[in-house]
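Chemist: Here it is, the structure, as structure tokens.
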Amino acid sequence: MVMDNYERILEKIAKSANLDKEEIERRVEAKRAKLSGLISKEGATQIIAAELGINFDDEVLKIEELLPGMRKTNIIGKVIRLFPVRTFTTKKGDVGKVANMVVADETSNIKVVLWDTNHIELIEKGEVQEGIVIEISNASMRDNELHLGSFSEFKKSKENIDNVVTERIVKEKTLVEFRIGDASKVRAFIVQTFEPRFFNVCPECKKKVVSGSDGFMCDKHGKVVEQKRALINLVLDDGTETTRAVVFHENLSDLGFADLENAESLGEQRQKLLGKEMFFSGNVRLNKFFNNPEFIVDGVGELDMDFLIGELEKN
Ligand SMILES: [Zn+2]
């Protein structure tokens with residue numbers, strides 16, 4: 001089983017405090033219970049660490065050890081993606097700048113956000129580019145991003161990192177933890193299904209095409225023979241939140257749909273899904289019409305038997 005960030009940090013605290021990991025975990029749960037569950041596991045872990053007099057202020061952490069809410073965080077990593085610097089106007093009318101990048105080490109990668117003009121200048125001057133190793137200190141975790149303000153340090157490093165994790169990290173989360181822009185994985189029940197919606201795409205670029213007097217036209221490829229596609233909207237619930245999800249054509253068979261054209265079997269297939277628990281991965285985006293988060297699913301998976309047996313044994 002892959003150890004998650006939480007497990008890693010528990011181990012780190014346990015080691016620093018000279019206590020068992022189970023003891024730290026017990027204290028975390030007790031703290032959460034005392035606060036009526038209003039605090040996350042990660043938040044409670046930080047309180048426990050502080051109570052034990054442990055901080056990671058002077059320690060360089062691995063990226064997979066970073067947890068939401070951490071402050072005074074230090075990492076070393078390679079810039080694997082650099083986005084153009086953006087300017088914005090504050091409510092007061094001041095013009096500010098922000099720079100986003102993805103930084104990776106041997107364990108993971110993370111989105112890093114720079115707000116300080118001195119740091120951003122390094123990018124504008126071309127001193128910080130993709131492929132360069134940087135040192136970050138005194139940064140703060142906001143959700144799953146690392147943010148640097150004027151008290152943070154950001155500089156080129158002399159260190160070399162060879163094998164960095166470049167794949168996008170998909171974290172397993174609960175629905176209530178979903179944030180716009182996240183790549184996430186969740187284990188949830190299907191509580192509602194909707195009628196499939198059909199549309200047509202260009203066979204070349206897979207963009208949506210509409211029918212005109214002359215057949216189907218693609219902006220790029222002109223007159224094309226359309227491909228019919230389908231999507232299905234679901235409502236997912238994992239006990240923390242209900243969220244709308246969209247499952248596209250490619251993943252409908254994993255969901256158990258075989259024939260979408262036959263109304264009778266479609267009804268049966270939809271019925272079978274209700275109350276079924278599965279894994280879903282994808283991206284969270286804002287549904288502009290409902291103005292709430294929507295989960296664009298790009299992977300559907302069964303809960304495997306080993307996993308279920310493990311869960312049953314726990315209870
Ligand atoms: Zn096209």
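Simple scheme: letters A, B, ... for chains in structure tokens order, numbers from 1 for residues in each chain, numbers from 1 for ligands in the order shown.
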List all protein, DNA and RNA residues that have any atom at most 6 Å from ligand 1, counting only C-alpha atoms and all ligand atoms, and write the list as a ChimeraX atom specification.

Modeler: /A:202,204-205,207,218,220-221

Chemist: Could you write those residues out with N, CA, C and O atoms, as a compact mmCIF listing (two decimals), in the first residue's frame?

Modeler:
# COMPACT_ATOMS: atom_id res chain seq x y z
N CYS A 202 -15.73 16.08 -34.02
CA CYS A 202 -14.90 15.92 -35.22
C CYS A 202 -14.02 14.69 -35.02
O CYS A 202 -13.43 14.52 -33.96
N GLU A 204 -11.16 14.07 -36.18
CA GLU A 204 -9.75 14.46 -36.14
C GLU A 204 -9.38 15.03 -34.77
O GLU A 204 -8.52 14.53 -34.09
N CYS A 205 -10.07 16.13 -34.39
CA CYS A 205 -9.63 16.88 -33.21
C CYS A 205 -10.53 16.65 -32.01
O CYS A 205 -10.25 17.16 -30.92
N LYS A 207 -13.22 17.84 -31.21
CA LYS A 207 -13.99 19.00 -30.74
C LYS A 207 -15.45 18.82 -31.17
O LYS A 207 -15.75 18.16 -32.15
N CYS A 218 -16.40 21.30 -38.80
CA CYS A 218 -15.42 21.57 -37.74
C CYS A 218 -14.72 22.88 -38.10
O CYS A 218 -14.41 23.09 -39.27
N LYS A 220 -11.79 23.71 -37.64
CA LYS A 220 -10.42 23.47 -38.11
C LYS A 220 -10.40 22.58 -39.34
O LYS A 220 -9.61 22.78 -40.25
N HIS A 221 -11.27 21.55 -39.34
CA HIS A 221 -11.17 20.53 -40.38
C HIS A 221 -12.28 20.56 -41.43
O HIS A 221 -12.39 19.66 -42.25

Chemist: Excluding segment 90-103 of chain A and residues on its chain fewer than 5 positions from it, collect all residues at most 8 Å away from it, counting only C-alpha atoms, and give them as a CSV table (one decimal) with N, CA, C and O atoms, in the first residue's frame.

Modeler:
chain,number,residue,atom,x,y,z
A,77,GLY,N,13.7,21.7,-4.9
A,77,GLY,CA,13.1,21.0,-6.0
A,77,GLY,C,13.5,21.6,-7.3
A,77,GLY,O,14.0,22.7,-7.4
A,78,LYS,N,13.1,20.9,-8.3
A,78,LYS,CA,13.4,21.3,-9.7
A,78,LYS,C,12.1,21.9,-10.3
A,78,LYS,O,11.0,21.3,-10.1
A,79,VAL,N,12.3,23.0,-11.0
A,79,VAL,CA,11.1,23.7,-11.7
A,79,VAL,C,10.8,22.8,-12.9
A,79,VAL,O,11.7,22.7,-13.8
A,80,ILE,N,9.7,22.1,-12.9
A,80,ILE,CA,9.4,21.3,-14.1
A,80,ILE,C,8.4,22.0,-15.0
A,80,ILE,O,8.2,21.6,-16.2
A,81,ARG,N,7.7,23.0,-14.5
A,81,ARG,CA,6.8,23.8,-15.3
A,81,ARG,C,6.7,25.2,-14.9
A,81,ARG,O,6.6,25.4,-13.6
A,82,LEU,N,6.8,26.1,-15.8
A,82,LEU,CA,6.8,27.5,-15.4
A,82,LEU,C,5.7,28.2,-16.2
A,82,LEU,O,5.7,28.1,-17.4
A,83,PHE,N,4.8,28.8,-15.6
A,83,PHE,CA,3.7,29.5,-16.3
A,83,PHE,C,4.0,31.0,-16.4
A,83,PHE,O,4.8,31.5,-15.6
A,84,PRO,N,3.5,31.6,-17.4
A,84,PRO,CA,3.7,33.1,-17.6
A,84,PRO,C,3.3,33.9,-16.4
A,84,PRO,O,2.3,33.6,-15.8
A,85,VAL,N,4.1,34.9,-16.0
A,85,VAL,CA,3.8,35.8,-14.9
A,85,VAL,C,2.5,36.5,-15.3
A,85,VAL,O,2.3,37.0,-16.4
A,109,ASN,N,5.5,16.2,-6.7
A,109,ASN,CA,5.6,17.5,-7.2
A,109,ASN,C,4.4,18.4,-6.7
A,109,ASN,O,3.4,17.8,-6.2
A,110,ILE,N,4.6,19.7,-6.8
A,110,ILE,CA,3.6,20.6,-6.2
A,110,ILE,C,3.5,21.9,-6.9
A,110,ILE,O,4.5,22.3,-7.5
A,111,LYS,N,2.4,22.5,-6.9
A,111,LYS,CA,2.2,23.8,-7.5
A,111,LYS,C,2.8,24.8,-6.5
A,111,LYS,O,2.4,24.8,-5.3
A,112,VAL,N,3.6,25.7,-7.0
A,112,VAL,CA,4.2,26.8,-6.1
A,112,VAL,C,3.8,28.1,-6.7
A,112,VAL,O,3.8,28.4,-7.9
A,113,VAL,N,3.3,29.0,-5.8
A,113,VAL,CA,2.8,30.3,-6.1
A,113,VAL,C,3.7,31.4,-5.5
A,113,VAL,O,3.9,31.4,-4.3
A,114,LEU,N,4.2,32.3,-6.4
A,114,LEU,CA,5.0,33.4,-5.9
A,114,LEU,C,4.3,34.7,-5.9
A,114,LEU,O,3.6,35.0,-6.9
A,115,TRP,N,4.3,35.5,-4.8
A,115,TRP,CA,3.6,36.7,-4.7
A,115,TRP,C,4.6,37.9,-4.6
A,115,TRP,O,4.1,39.1,-4.7
A,116,ASP,N,5.8,37.6,-4.3
A,116,ASP,CA,6.8,38.7,-4.0
A,116,ASP,C,7.5,39.2,-5.3
A,116,ASP,O,8.0,38.3,-6.0
A,117,THR,N,7.5,40.5,-5.5
A,117,THR,CA,8.1,41.0,-6.8
A,117,THR,C,9.6,40.6,-6.9
A,117,THR,O,10.0,40.4,-8.1
A,120,ILE,N,9.6,37.1,-8.2
A,120,ILE,CA,9.0,37.1,-9.6
A,120,ILE,C,10.1,37.7,-10.6
A,120,ILE,O,10.2,37.2,-11.8

Chemist: Using DSSP on the backbone, list every residue of segment 57-281 of chain A that comes out as strand (DSSP E), and give them as a PyMOL selection string.

Modeler: chain A and resi 73-82+86-89+95-104+109-114+133-142+145-148+153-156+171-172+183-193+197-201+210-212+215-218+222-224+227-237+242-248+277-281

Chemist: Could you pull the residues within 9 Å of segment 286-302 of chain A, counting only C-alpha atoms, minus those fewer than 4 positions along the same chain, as a PDB file with N, CA and C atoms, in the first residue's frame?

Modeler:
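Final output, result-v6.pdb:
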ATOM      1  N   PHE A 178     -12.667  18.808  -1.934  1.00  0.00           N
ATOM      2  CA  PHE A 178     -12.452  19.158  -3.337  1.00  0.00           C
ATOM      3  C   PHE A 178     -12.330  20.672  -3.514  1.00  0.00           C
ATOM      4  N   ARG A 179     -11.341  21.095  -4.289  1.00  0.00           N
ATOM      5  CA  ARG A 179     -11.168  22.506  -4.628  1.00  0.00           C
ATOM      6  C   ARG A 179     -11.075  22.621  -6.142  1.00  0.00           C
ATOM      7  N   ILE A 180     -11.564  23.746  -6.673  1.00  0.00           N
ATOM      8  CA  ILE A 180     -11.508  23.975  -8.112  1.00  0.00           C
ATOM      9  C   ILE A 180     -10.054  23.857  -8.583  1.00  0.00           C
ATOM     10  N   GLY A 181      -9.848  23.119  -9.658  1.00  0.00           N
ATOM     11  CA  GLY A 181      -8.500  22.979 -10.225  1.00  0.00           C
ATOM     12  C   GLY A 181      -7.751  21.753  -9.745  1.00  0.00           C
ATOM     13  N   SER A 184      -8.075  14.959  -8.433  1.00  0.00           N
ATOM     14  CA  SER A 184      -8.414  14.224  -7.219  1.00  0.00           C
ATOM     15  C   SER A 184      -8.942  12.836  -7.503  1.00  0.00           C
ATOM     16  N   LYS A 185      -8.845  12.016  -6.472  1.00  0.00           N
ATOM     17  CA  LYS A 185      -9.440  10.692  -6.521  1.00  0.00           C
ATOM     18  C   LYS A 185     -10.340  10.577  -5.302  1.00  0.00           C
ATOM     19  N   THR A 243     -21.692  15.799  -4.694  1.00  0.00           N
ATOM     20  CA  THR A 243     -21.071  16.558  -5.780  1.00  0.00           C
ATOM     21  C   THR A 243     -21.549  16.001  -7.111  1.00  0.00           C
ATOM     22  N   ARG A 244     -21.819  16.905  -8.051  1.00  0.00           N
ATOM     23  CA  ARG A 244     -22.171  16.478  -9.405  1.00  0.00           C
ATOM     24  C   ARG A 244     -20.921  16.026 -10.131  1.00  0.00           C
ATOM     25  N   ALA A 245     -21.051  14.969 -10.904  1.00  0.00           N
ATOM     26  CA  ALA A 245     -19.911  14.465 -11.670  1.00  0.00           C
ATOM     27  C   ALA A 245     -20.343  14.256 -13.107  1.00  0.00           C
ATOM     28  N   VAL A 246     -19.408  14.409 -14.023  1.00  0.00           N
ATOM     29  CA  VAL A 246     -19.674  14.154 -15.437  1.00  0.00           C
ATOM     30  C   VAL A 246     -18.749  13.042 -15.910  1.00  0.00           C
ATOM     31  N   VAL A 247     -19.348  12.000 -16.480  1.00  0.00           N
ATOM     32  CA  VAL A 247     -18.544  10.896 -17.002  1.00  0.00           C
ATOM     33  C   VAL A 247     -18.710  10.870 -18.519  1.00  0.00           C
ATOM     34  N   PHE A 248     -17.581  10.947 -19.243  1.00  0.00           N
ATOM     35  CA  PHE A 248     -17.634  10.984 -20.697  1.00  0.00           C
ATOM     36  C   PHE A 248     -17.533   9.591 -21.305  1.00  0.00           C
ATOM     37  N   GLU A 250     -15.563   7.699 -23.016  1.00  0.00           N
ATOM     38  CA  GLU A 250     -14.453   6.741 -22.849  1.00  0.00           C
ATOM     39  C   GLU A 250     -14.601   5.933 -21.568  1.00  0.00           C
ATOM     40  N   ASN A 251     -15.260   6.511 -20.561  1.00  0.00           N
ATOM     41  CA  ASN A 251     -15.321   5.862 -19.256  1.00  0.00           C
ATOM     42  C   ASN A 251     -16.675   5.234 -18.940  1.00  0.00           C
ATOM     43  N   LEU A 252     -17.600   5.332 -19.889  1.00  0.00           N
ATOM     44  CA  LEU A 252     -18.946   4.833 -19.604  1.00  0.00           C
ATOM     45  C   LEU A 252     -18.983   3.311 -19.466  1.00  0.00           C
ATOM     46  N   ASP A 254     -16.608   1.453 -18.189  1.00  0.00           N
ATOM     47  CA  ASP A 254     -16.105   1.146 -16.841  1.00  0.00           C
ATOM     48  C   ASP A 254     -17.185   1.343 -15.790  1.00  0.00           C
ATOM     49  N   LEU A 255     -18.118   2.216 -16.116  1.00  0.00           N
ATOM     50  CA  LEU A 255     -19.223   2.480 -15.202  1.00  0.00           C
ATOM     51  C   LEU A 255     -20.291   1.385 -15.336  1.00  0.00           C
ATOM     52  N   GLU A 277     -20.751   1.761  -4.775  1.00  0.00           N
ATOM     53  CA  GLU A 277     -19.575   2.522  -4.369  1.00  0.00           C
ATOM     54  C   GLU A 277     -18.421   2.203  -5.302  1.00  0.00           C
ATOM     55  N   MET A 278     -17.757   3.256  -5.803  1.00  0.00           N
ATOM     56  CA  MET A 278     -16.649   3.066  -6.746  1.00  0.00           C
ATOM     57  C   MET A 278     -15.576   4.123  -6.501  1.00  0.00           C
ATOM     58  N   PHE A 279     -14.430   3.941  -7.154  1.00  0.00           N
ATOM     59  CA  PHE A 279     -13.395   4.974  -7.165  1.00  0.00           C
ATOM     60  C   PHE A 279     -13.592   5.847  -8.397  1.00  0.00           C
ATOM     61  N   PHE A 280     -13.433   7.156  -8.225  1.00  0.00           N
ATOM     62  CA  PHE A 280     -13.521   8.085  -9.349  1.00  0.00           C
ATOM     63  C   PHE A 280     -12.293   8.986  -9.308  1.00  0.00           C
ATOM     64  N   SER A 281     -11.650   9.197 -10.467  1.00  0.00           N
ATOM     65  CA  SER A 281     -10.573  10.181 -10.490  1.00  0.00           C
ATOM     66  C   SER A 281     -10.864  11.178 -11.596  1.00  0.00           C
ATOM     67  N   GLY A 282     -10.318  12.377 -11.461  1.00  0.00           N
ATOM     68  CA  GLY A 282     -10.581  13.399 -12.458  1.00  0.00           C
ATOM     69  C   GLY A 282     -10.190  14.767 -11.958  1.00  0.00           C
TER      70      GLY A 282
END

Chemist: Report, in Å to a single decimal, how far apart atom CA of Asn5 of chain A and atom CA of Glu177 of chain A are.

Modeler: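 So the answer is 15.2 Å.
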
Chemist: Can you pull out the residues contacting Gly239 of chain A? Cut-off 12 Å, using only C-alpha atoms, and skip same-chain residues under 5 positions away; I want them as a ChimeraX atom specification.

Modeler: /A:174-177,186-191,277

Chemist: Taking only C-alpha atoms into account, which of A:Tyr6, A:Phe56, A:Phe257, A:Phe88 comes nearest Ser137 of chain A?

Modeler: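 Using only C-alpha atoms, Ser137 of chain A sits closest to A:Phe56.
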
Chemist: Give me every alpha helix (DSSP H) residue in segment 65-276 of chain A, going by DSSP on the backbone, as a list in words.

Modeler: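 Restricting segment 65-276 of chain A to alpha helix (DSSP H) produces Thr117, Asn118, His119, Ile120, Glu121, Leu122, Ile123, Glu124, His249, Glu250, Asn251, Leu252, Ala263, Glu264, Ser265, Leu266, Gly267, Glu268, Gln269, Arg270, Gln271, Lys272 and Leu273 of chain A.
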
Chemist: Can I get the selected residues back with N, CA, C and O atoms, as a PDB file, in the first residue's frame?

Modeler:
ATOM      1  N   THR A 117       7.521  40.480  -5.519  1.00  0.00           N
ATOM      2  CA  THR A 117       8.068  41.000  -6.781  1.00  0.00           C
ATOM      3  C   THR A 117       9.550  40.640  -6.948  1.00  0.00           C
ATOM      4  O   THR A 117      10.002  40.422  -8.067  1.00  0.00           O
ATOM      5  N   ASN A 118      10.282  40.557  -5.824  1.00  0.00           N
ATOM      6  CA  ASN A 118      11.709  40.186  -5.930  1.00  0.00           C
ATOM      7  C   ASN A 118      11.878  38.759  -6.443  1.00  0.00           C
ATOM      8  O   ASN A 118      12.797  38.481  -7.214  1.00  0.00           O
ATOM      9  N   HIS A 119      10.999  37.880  -5.981  1.00  0.00           N
ATOM     10  CA  HIS A 119      11.052  36.491  -6.453  1.00  0.00           C
ATOM     11  C   HIS A 119      10.650  36.413  -7.929  1.00  0.00           C
ATOM     12  O   HIS A 119      11.270  35.709  -8.718  1.00  0.00           O
ATOM     13  N   ILE A 120       9.582  37.134  -8.250  1.00  0.00           N
ATOM     14  CA  ILE A 120       9.042  37.089  -9.618  1.00  0.00           C
ATOM     15  C   ILE A 120      10.056  37.655 -10.617  1.00  0.00           C
ATOM     16  O   ILE A 120      10.168  37.183 -11.751  1.00  0.00           O
ATOM     17  N   GLU A 121      10.850  38.639 -10.134  1.00  0.00           N
ATOM     18  CA  GLU A 121      11.878  39.241 -10.980  1.00  0.00           C
ATOM     19  C   GLU A 121      12.891  38.209 -11.498  1.00  0.00           C
ATOM     20  O   GLU A 121      13.373  38.308 -12.622  1.00  0.00           O
ATOM     21  N   LEU A 122      13.171  37.211 -10.672  1.00  0.00           N
ATOM     22  CA  LEU A 122      14.113  36.157 -11.077  1.00  0.00           C
ATOM     23  C   LEU A 122      13.597  35.406 -12.312  1.00  0.00           C
ATOM     24  O   LEU A 122      14.380  34.944 -13.146  1.00  0.00           O
ATOM     25  N   ILE A 123      12.270  35.296 -12.390  1.00  0.00           N
ATOM     26  CA  ILE A 123      11.666  34.632 -13.560  1.00  0.00           C
ATOM     27  C   ILE A 123      11.704  35.594 -14.749  1.00  0.00           C
ATOM     28  O   ILE A 123      12.089  35.220 -15.855  1.00  0.00           O
ATOM     29  N   GLU A 124      11.336  36.845 -14.479  1.00  0.00           N
ATOM     30  CA  GLU A 124      11.286  37.836 -15.558  1.00  0.00           C
ATOM     31  C   GLU A 124      12.663  38.062 -16.186  1.00  0.00           C
ATOM     32  O   GLU A 124      12.782  38.308 -17.386  1.00  0.00           O
ATOM     33  N   HIS A 249     -17.919   9.560 -22.567  1.00  0.00           N
ATOM     34  CA  HIS A 249     -17.870   8.399 -23.437  1.00  0.00           C
ATOM     35  C   HIS A 249     -16.861   7.311 -23.076  1.00  0.00           C
ATOM     36  O   HIS A 249     -17.223   6.170 -22.833  1.00  0.00           O
ATOM     37  N   GLU A 250     -15.563   7.699 -23.016  1.00  0.00           N
ATOM     38  CA  GLU A 250     -14.453   6.741 -22.849  1.00  0.00           C
ATOM     39  C   GLU A 250     -14.601   5.933 -21.568  1.00  0.00           C
ATOM     40  O   GLU A 250     -14.079   4.831 -21.463  1.00  0.00           O
ATOM     41  N   ASN A 251     -15.260   6.511 -20.561  1.00  0.00           N
ATOM     42  CA  ASN A 251     -15.321   5.862 -19.256  1.00  0.00           C
ATOM     43  C   ASN A 251     -16.675   5.234 -18.940  1.00  0.00           C
ATOM     44  O   ASN A 251     -16.866   4.680 -17.861  1.00  0.00           O
ATOM     45  N   LEU A 252     -17.600   5.332 -19.889  1.00  0.00           N
ATOM     46  CA  LEU A 252     -18.946   4.833 -19.604  1.00  0.00           C
ATOM     47  C   LEU A 252     -18.983   3.311 -19.466  1.00  0.00           C
ATOM     48  O   LEU A 252     -19.760   2.781 -18.675  1.00  0.00           O
ATOM     49  N   ALA A 263     -33.463   2.075 -24.643  1.00  0.00           N
ATOM     50  CA  ALA A 263     -34.030   2.754 -23.473  1.00  0.00           C
ATOM     51  C   ALA A 263     -34.274   1.802 -22.306  1.00  0.00           C
ATOM     52  O   ALA A 263     -34.044   2.164 -21.156  1.00  0.00           O
ATOM     53  N   GLU A 264     -34.714   0.583 -22.620  1.00  0.00           N
ATOM     54  CA  GLU A 264     -35.062  -0.360 -21.559  1.00  0.00           C
ATOM     55  C   GLU A 264     -33.817  -0.819 -20.795  1.00  0.00           C
ATOM     56  O   GLU A 264     -33.756  -0.750 -19.574  1.00  0.00           O
ATOM     57  N   SER A 265     -32.773  -1.263 -21.553  1.00  0.00           N
ATOM     58  CA  SER A 265     -31.563  -1.730 -20.872  1.00  0.00           C
ATOM     59  C   SER A 265     -30.844  -0.569 -20.206  1.00  0.00           C
ATOM     60  O   SER A 265     -30.205  -0.728 -19.176  1.00  0.00           O
ATOM     61  N   LEU A 266     -30.990   0.611 -20.789  1.00  0.00           N
ATOM     62  CA  LEU A 266     -30.378   1.795 -20.184  1.00  0.00           C
ATOM     63  C   LEU A 266     -30.958   2.045 -18.788  1.00  0.00           C
ATOM     64  O   LEU A 266     -30.234   2.310 -17.835  1.00  0.00           O
ATOM     65  N   GLY A 267     -32.281   1.914 -18.713  1.00  0.00           N
ATOM     66  CA  GLY A 267     -32.951   2.075 -17.421  1.00  0.00           C
ATOM     67  C   GLY A 267     -32.420   1.095 -16.387  1.00  0.00           C
ATOM     68  O   GLY A 267     -32.146   1.475 -15.250  1.00  0.00           O
ATOM     69  N   GLU A 268     -32.241  -0.164 -16.821  1.00  0.00           N
ATOM     70  CA  GLU A 268     -31.705  -1.195 -15.916  1.00  0.00           C
ATOM     71  C   GLU A 268     -30.284  -0.867 -15.477  1.00  0.00           C
ATOM     72  O   GLU A 268     -29.934  -1.028 -14.310  1.00  0.00           O
ATOM     73  N   GLN A 269     -29.459  -0.430 -16.453  1.00  0.00           N
ATOM     74  CA  GLN A 269     -28.066  -0.107 -16.142  1.00  0.00           C
ATOM     75  C   GLN A 269     -27.990   1.045 -15.149  1.00  0.00           C
ATOM     76  O   GLN A 269     -27.178   1.032 -14.229  1.00  0.00           O
ATOM     77  N   ARG A 270     -28.848   2.032 -15.347  1.00  0.00           N
ATOM     78  CA  ARG A 270     -28.851   3.180 -14.422  1.00  0.00           C
ATOM     79  C   ARG A 270     -29.289   2.744 -13.035  1.00  0.00           C
ATOM     80  O   ARG A 270     -28.728   3.163 -12.032  1.00  0.00           O
ATOM     81  N   GLN A 271     -30.308   1.876 -13.013  1.00  0.00           N
ATOM     82  CA  GLN A 271     -30.839   1.379 -11.738  1.00  0.00           C
ATOM     83  C   GLN A 271     -29.758   0.643 -10.938  1.00  0.00           C
ATOM     84  O   GLN A 271     -29.612   0.828  -9.738  1.00  0.00           O
ATOM     85  N   LYS A 272     -28.990  -0.176 -11.672  1.00  0.00           N
ATOM     86  CA  LYS A 272     -27.939  -0.983 -11.027  1.00  0.00           C
ATOM     87  C   LYS A 272     -26.873  -0.121 -10.358  1.00  0.00           C
ATOM     88  O   LYS A 272     -26.232  -0.542  -9.403  1.00  0.00           O
ATOM     89  N   LEU A 273     -26.664   1.068 -10.903  1.00  0.00           N
ATOM     90  CA  LEU A 273     -25.597   1.931 -10.388  1.00  0.00           C
ATOM     91  C   LEU A 273     -25.951   2.603  -9.065  1.00  0.00           C
ATOM     92  O   LEU A 273     -25.076   2.959  -8.289  1.00  0.00           O
TER      93      LEU A 273
END

Chemist: Could you list, as number ranges by chain, every residue within 7 Å of Ala44 of chain A, counting only C-alpha atoms and ignoring same-chain residues fewer than 6 positions away?

Modeler: A: 28, 31-32
